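A.B. asks: This structure is in structure tokens; I'll ask about it shortly.
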Amino acid sequence: MALDATQVDQKALFDWLCRMGDNALILGHRTSEWCGHGPVLEEDIALANTALDLIGHTQMWLGLAGEVEGAGRTADNLAYLRDAMQFRNVKLVELPNGDIGQTIMREFLFDAFHFEMLTALVASADARVAEIAAKALKEVAYQFDRSSDLVVRLGDGTAESHDRMQAALEHFWPYTGEMFVADAVDEAMAQAGIAPALSEIESRWDTLVSETLAEATLVCPERRADVHTGGKQGRHTEHLGYILAEMQFLQRAYPGAEW
Amino acid sequence: MALDATQVDQKALFDWLCRMGDNALILGHRTSEWCGHGPVLEEDIALANTALDLIGHTQMWLGLAGEVEGAGRTADNLAYLRDAMQFRNVKLVELPNGDIGQTIMREFLFDAFHFEMLTALVASADARVAEIAAKALKEVAYQFDRSSDLVVRLGDGTAESHDRMQAALEHFWPYTGEMFVADAVDEAMAQAGIAPALSEIESRWDTLVSETLAEATLVCPERRADVHTGGKQGRHTEHLGYILAEMQFLQRAYPGAEW
Amino acid sequence: PEELAAFQARIDRGERIEPKEWMPEGYRKTLIRQIGQHAHSEIVGQLPEGNWVTRAPTLERKAILLAKVQDEAGHGLYLYSACETLGVSRDELFEKLHSGAMKYSSIFNYPTLTWADMGAVGWLVDGAAIMNQVPLQRTSYGPYARAMIRICKEESFHQRQGYSVMMKMAQGTEAQKAMAQDALNRFWYPALMMFGPSDAESVHSEQNMAWKIKINSNDELRQRFVNETVPQAHYLGLTVPDENLKFNEETGNWDFSQPDWTEFFEVLKGNGPCNEERLGARRKAWDDGEWFRDGLSAYAEKSAARRAAVAAE
Amino acid sequence: PEELAAFQARIDRGERIEPKEWMPEGYRKTLIRQIGQHAHSEIVGQLPEGNWVTRAPTLERKAILLAKVQDEAGHGLYLYSACETLGVSRDELFEKLHSGAMKYSSIFNYPTLTWADMGAVGWLVDGAAIMNQVPLQRTSYGPYARAMIRICKEESFHQRQGYSVMMKMAQGTEAQKAMAQDALNRFWYPALMMFGPSDAESVHSEQNMAWKIKINSNDELRQRFVNETVPQAHYLGLTVPDENLKFNEETGNWDFSQPDWTEFFEVLKGNGPCNEERLGARRKAWDDGEWFRDGLSAYAEKSAARRAAVAAE
């Protein structure tokens, strides 16, 4: 990663920044749905904290996306005034929370990716990207520690907690591949040294995830991981539309108001 | 009901028409959430049919409300562009569906009111109201037959179905009183002969409901029925906001578009 | 064998086979599979459209969509009834759907992502369904043929409604046009898949054609669909997502690209975008409804017993 | 009785009572009830605000709200810990909350209906809470007093944020102003109720004051709250929903109408707008979380056993 980042197609960079921001926004939204409904008080606190961190990352990534686009859109404009077709998050983060075990498993699978991604982005050829990554990395490293620790404890807990975590893993597995399927945008970013090649991240993710799963006495599914793709290009699941209807209501119902 | 309906305060009439329309709209919306998820095929059909009838009534009541208001708002404008504070339905109809037993119990409790109300409105001093009531009554009579029949069959079915129906009855009971608590709007309508006195409807409702419940081997709760009021004046439960966010999304996100 | 020849002769003469009449076991089984799958498709097909019922943009559109979904459930009802005349109960058929032993049309494993999809589903999916179903009005099994006559009438109404949604979107704002084009892009190939792979690959086709359970070849129907649909797309001002699409002056047909059959088989295997969700939703509806069905049965038994007791007095 | 006198003397001298020291059973019980109820209020208090987290209108507002709800859970944590020093476990306290044996503040049985309620809750509800809590920083029980110091600092931050939401709404569009006024209309009297009925009606007040578990009278605190809040409402351009509100030149206080105490007691009895929902949500969270808590315990036991086995080698 040391090529000329200024030569990169700004449209592609905008798209890529939206991917980073939308992943954080939508996972943050899902996490925030737990507010007050967690299984123990410590978990209520931790989930709110995770959501809070992710919303903070969203502000940075979408803020930069707006700058790069140069059309005057703010992070809030991008978060609240795009419809589903314009969202660029992977499908994994928009799936419903399910029980707390599913919520933690999904977070773990995404955190492992997020952690490796940000670790690589700290060395981005684009200084603005590197700066955001450095800020976010500390929090995401903590999130990964927490979610992987919980996966281990629940996987190796009771028979019931083990089975629920195994089922959660099977459920989300076919959605994990999308994180690593590179398209023209990802390739342009890698070429410009802005972001790492996704194949690199994938192999590190494999290692991280399989170590944790082994410790958790969980079995890696044999099913294809790349069944559910398209979110990065704006083709989502049916769930995203409902998230946006709720999330964007006030901005849509009271256009131009300040809050 | 033979006074001069033309003398009535048009603002009160508008409000009252919104109550009729919003009850139909919101109950229709809740019913439509069952689409494709019913417990038997016949029920899928019946629920869709009920929702369809209620949406039809909504168009008539809100259409007339818009005329009476005289500000150029259509039924769609009223349905899709008011926020929760402007909605006038009773809280009973906006509560979540729960299981199919709860859905049917709520429908039954409302249908009994709706049926008696429309029966009286056929003789309204306002010919437009009488006309809508006559059209809607046929369908609502059918709905009441259906829901009361199901209440009887499930109440007097298995121990489980009995207990579920009894629990559903207890759950909704404190919301039933609101239908009969008359305020200035209701009184103005009664005075003008546009609508019946709610006390009359209440005593007929009592008879209808208690007969059915007895046949269903269900016990009328002793709890106060009028605990949850305010919906008719625009003070709703927390549930209505979520309904509207979903229902109004397209109209809010694409202002002015035609569909 | 004699019976078999007589049976075939009846079919060849264009006679209808009725429930209590003799029929070969293979004929019965194939019909159960085909009608059952069709019934299941109607039921599962409620879900992608049901997904937009609560978000329909106007009261009228909401009413039209509700009526349509209601019709689909009704079609399910006729078809299960037709199937029951072949000696298999609706509950048995449901069990096979829920266990995965019986399939439903793969098209319903695709998500509905924007309101334009309500147009695309009506226009393309119902359009393809009609293309499949119209010939089946002349199928040899009486109850099936009669169900088809009724269904086709309603389906063509649905298709027109779908086309009208699409028209509004295609003639609407830029955002609406984009949704309409996107819906066409997503549903075009899955709609082509609805006719099934080329008949060359199908082992049963020949026998089914002889029995008049199948009337036309898959490729024939697919071509007919393309020929009918392409001008409609052009009229809407939309672009069919196929670079090879071209009118062939010689044949009078539109030449087109085959869909990705690998995707088709993956979806059949359960790897489509919504397989788990659709089947999950139906299983959940069924399981959650158990106490409801049991309650109604218990009441029916009690009532019968009460009537019997009264009659005995 | 000697012990009792010595205990009272310590309190009168302004000493702090610490966990392992002797205390009268009544003192302990009253503290458990009071701190426990306060802890429960923090936990249940997450729900009305949690209701708007997914609909917060900007990313910044969403972050602020999340941080606030997180703080409330944190306050719950301190307070349960303080309670545990009195010999009752967090799980026991939860059980009493879920069974209805212990209460939480009635204010959380009111719904949050618009975004302005996020302002009103912060401004009025946290405002009233602070008014109650500031004197409790000087309460006689050490762990409680220290928890209060920490909590008050954060609460006053929350109150300012709430006021800032209210300010934006009150200075916003007509629709926003209407929401702000409506929120004040709905929360004014319930906020006044937060101080409890007039002390004349309370049997325990005197003893609690002697023990410095209670520092000021309910009426005194309520008056202080009104005096502080009315000018803020005026500054916002909002109307306090009380026709009798008037500045009394003689006393220097704002005279005001009492809330409807019948409503207060109805809400206490369970007939408030959200009692069932709030308690139902907490019970569900607890029941749904059982397998999670059991899983973590089982892992902890296994790990301990493994460590013991390693140590034994």
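FYI, nothing fancy with the structure tokens labels: chains A, B, ... in order, residues from 1 per chain, ligands from 1 as they appear.
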Return the neighbours of chain A among the residues of chain C, cut-off 8 Å, counting only C-alpha atoms, as a list in words.
C.D. replies: Asn51, Pro111, Thr112, Leu113, Asn271, Gly272 and Pro273 of chain C
A.B. asks: Could you write those residues out with N, CA, C and O atoms, as a PDB file, in the first residue's frame?
C.D. replies:
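Generated output (again02.pdb):
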```pdb
ATOM      1  N   ASN C  51     -44.762  -8.780   1.927  1.00  0.00           N
ATOM      2  CA  ASN C  51     -43.679  -7.929   2.433  1.00  0.00           C
ATOM      3  C   ASN C  51     -43.912  -6.444   2.188  1.00  0.00           C
ATOM      4  O   ASN C  51     -43.358  -5.597   2.878  1.00  0.00           O
ATOM      5  N   PRO C 111     -35.940 -11.835  -3.171  1.00  0.00           N
ATOM      6  CA  PRO C 111     -36.571 -10.831  -2.295  1.00  0.00           C
ATOM      7  C   PRO C 111     -37.305  -9.745  -3.077  1.00  0.00           C
ATOM      8  O   PRO C 111     -37.015  -9.520  -4.258  1.00  0.00           O
ATOM      9  N   THR C 112     -38.248  -9.096  -2.415  1.00  0.00           N
ATOM     10  CA  THR C 112     -38.874  -7.903  -2.991  1.00  0.00           C
ATOM     11  C   THR C 112     -38.296  -6.692  -2.268  1.00  0.00           C
ATOM     12  O   THR C 112     -38.528  -6.498  -1.083  1.00  0.00           O
ATOM     13  N   LEU C 113     -37.534  -5.906  -3.006  1.00  0.00           N
ATOM     14  CA  LEU C 113     -36.707  -4.888  -2.353  1.00  0.00           C
ATOM     15  C   LEU C 113     -37.230  -3.464  -2.466  1.00  0.00           C
ATOM     16  O   LEU C 113     -36.854  -2.604  -1.675  1.00  0.00           O
ATOM     17  N   ASN C 271     -29.880 -22.598  -1.774  1.00  0.00           N
ATOM     18  CA  ASN C 271     -28.934 -21.492  -1.658  1.00  0.00           C
ATOM     19  C   ASN C 271     -29.405 -20.198  -2.316  1.00  0.00           C
ATOM     20  O   ASN C 271     -28.614 -19.373  -2.720  1.00  0.00           O
ATOM     21  N   GLY C 272     -30.707 -20.023  -2.420  1.00  0.00           N
ATOM     22  CA  GLY C 272     -31.227 -18.771  -2.957  1.00  0.00           C
ATOM     23  C   GLY C 272     -31.245 -17.709  -1.880  1.00  0.00           C
ATOM     24  O   GLY C 272     -31.037 -18.002  -0.705  1.00  0.00           O
ATOM     25  N   PRO C 273     -31.526 -16.467  -2.295  1.00  0.00           N
ATOM     26  CA  PRO C 273     -31.479 -15.378  -1.321  1.00  0.00           C
ATOM     27  C   PRO C 273     -32.469 -15.546  -0.166  1.00  0.00           C
ATOM     28  O   PRO C 273     -32.190 -15.108   0.936  1.00  0.00           O
TER      29      PRO C 273
END
```
A.B. asks: Among region 81-168 of chain B, which ones does DSSP assign to helix (DSSP H, G or I) (computed from the backbone)? Answer as a VMD selection string.
C.D. replies: chain B and resid 81 84 to 86 91 to 94 100 to 121 127 to 155 159 to 168
A.B. asks: Residues of chain B no more than 12 Å from chain A, counting only C-alpha atoms: send them over as an NGL selection string.
C.D. replies: :B and (80-84 or 240-255)
A.B. asks: Using only C-alpha atoms, which protein or nucleic acid residues come within 6 Å of Gly295 (chain D)? Drop anything in the same chain fewer than 5 positions from it, and give the result as a short mmCIF file (atom, residue, chain, number, x, y, z; two decimals) with N, CA, C and O atoms, in the first residue's frame.
C.D. replies:
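See part.cif below for the written result:
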```cif
data_model
loop_
_atom_site.label_atom_id
_atom_site.label_comp_id
_atom_site.auth_asym_id
_atom_site.auth_seq_id
_atom_site.Cartn_x
_atom_site.Cartn_y
_atom_site.Cartn_z
N LEU A 154 -19.87 -18.99 25.84
CA LEU A 154 -21.19 -19.56 25.57
C LEU A 154 -21.07 -20.87 24.80
O LEU A 154 -21.84 -21.81 25.02
N GLY A 157 -20.17 -23.47 27.28
CA GLY A 157 -20.94 -23.30 28.53
C GLY A 157 -21.82 -24.51 28.80
O GLY A 157 -21.30 -25.61 28.98
N THR A 158 -23.14 -24.33 28.77
CA THR A 158 -24.06 -25.46 28.92
C THR A 158 -24.32 -26.09 27.57
O THR A 158 -23.93 -25.54 26.53
N SER A 161 -26.43 -23.58 25.68
CA SER A 161 -25.74 -22.41 25.13
C SER A 161 -24.85 -22.83 23.96
O SER A 161 -24.72 -22.11 22.97
#
```
A.B. asks: For Phe108 (chain C), work out the shell of residues within 9 Å, counting only C-alpha atoms and skipping chain neighbours fewer than 6 positions away, then give it as a list of chain:residue names.
C.D. replies: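 In the requested form, the answer reads C:Ser41, C:Val44, C:Gly45, C:Gln46, C:Leu47, C:Pro48, C:Cys274, C:Asn275, C:Arg278.
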A.B. asks: What gap, in Å, lies between CA of Ala128 (chain D) and CA of Arg222 (chain D)?
C.D. replies: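 Those two atoms sit 8.0 Å apart.
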A.B. asks: Can you pull out every residue within 10 Å of Phe110 (chain A), counting only C-alpha atoms, but drop anything in the same chain fewer than 6 positions away, and send it as an MDAnalysis selection string?
C.D. replies: chainID A and resid 23 27 90 92:93 104 144 147 176 179 205
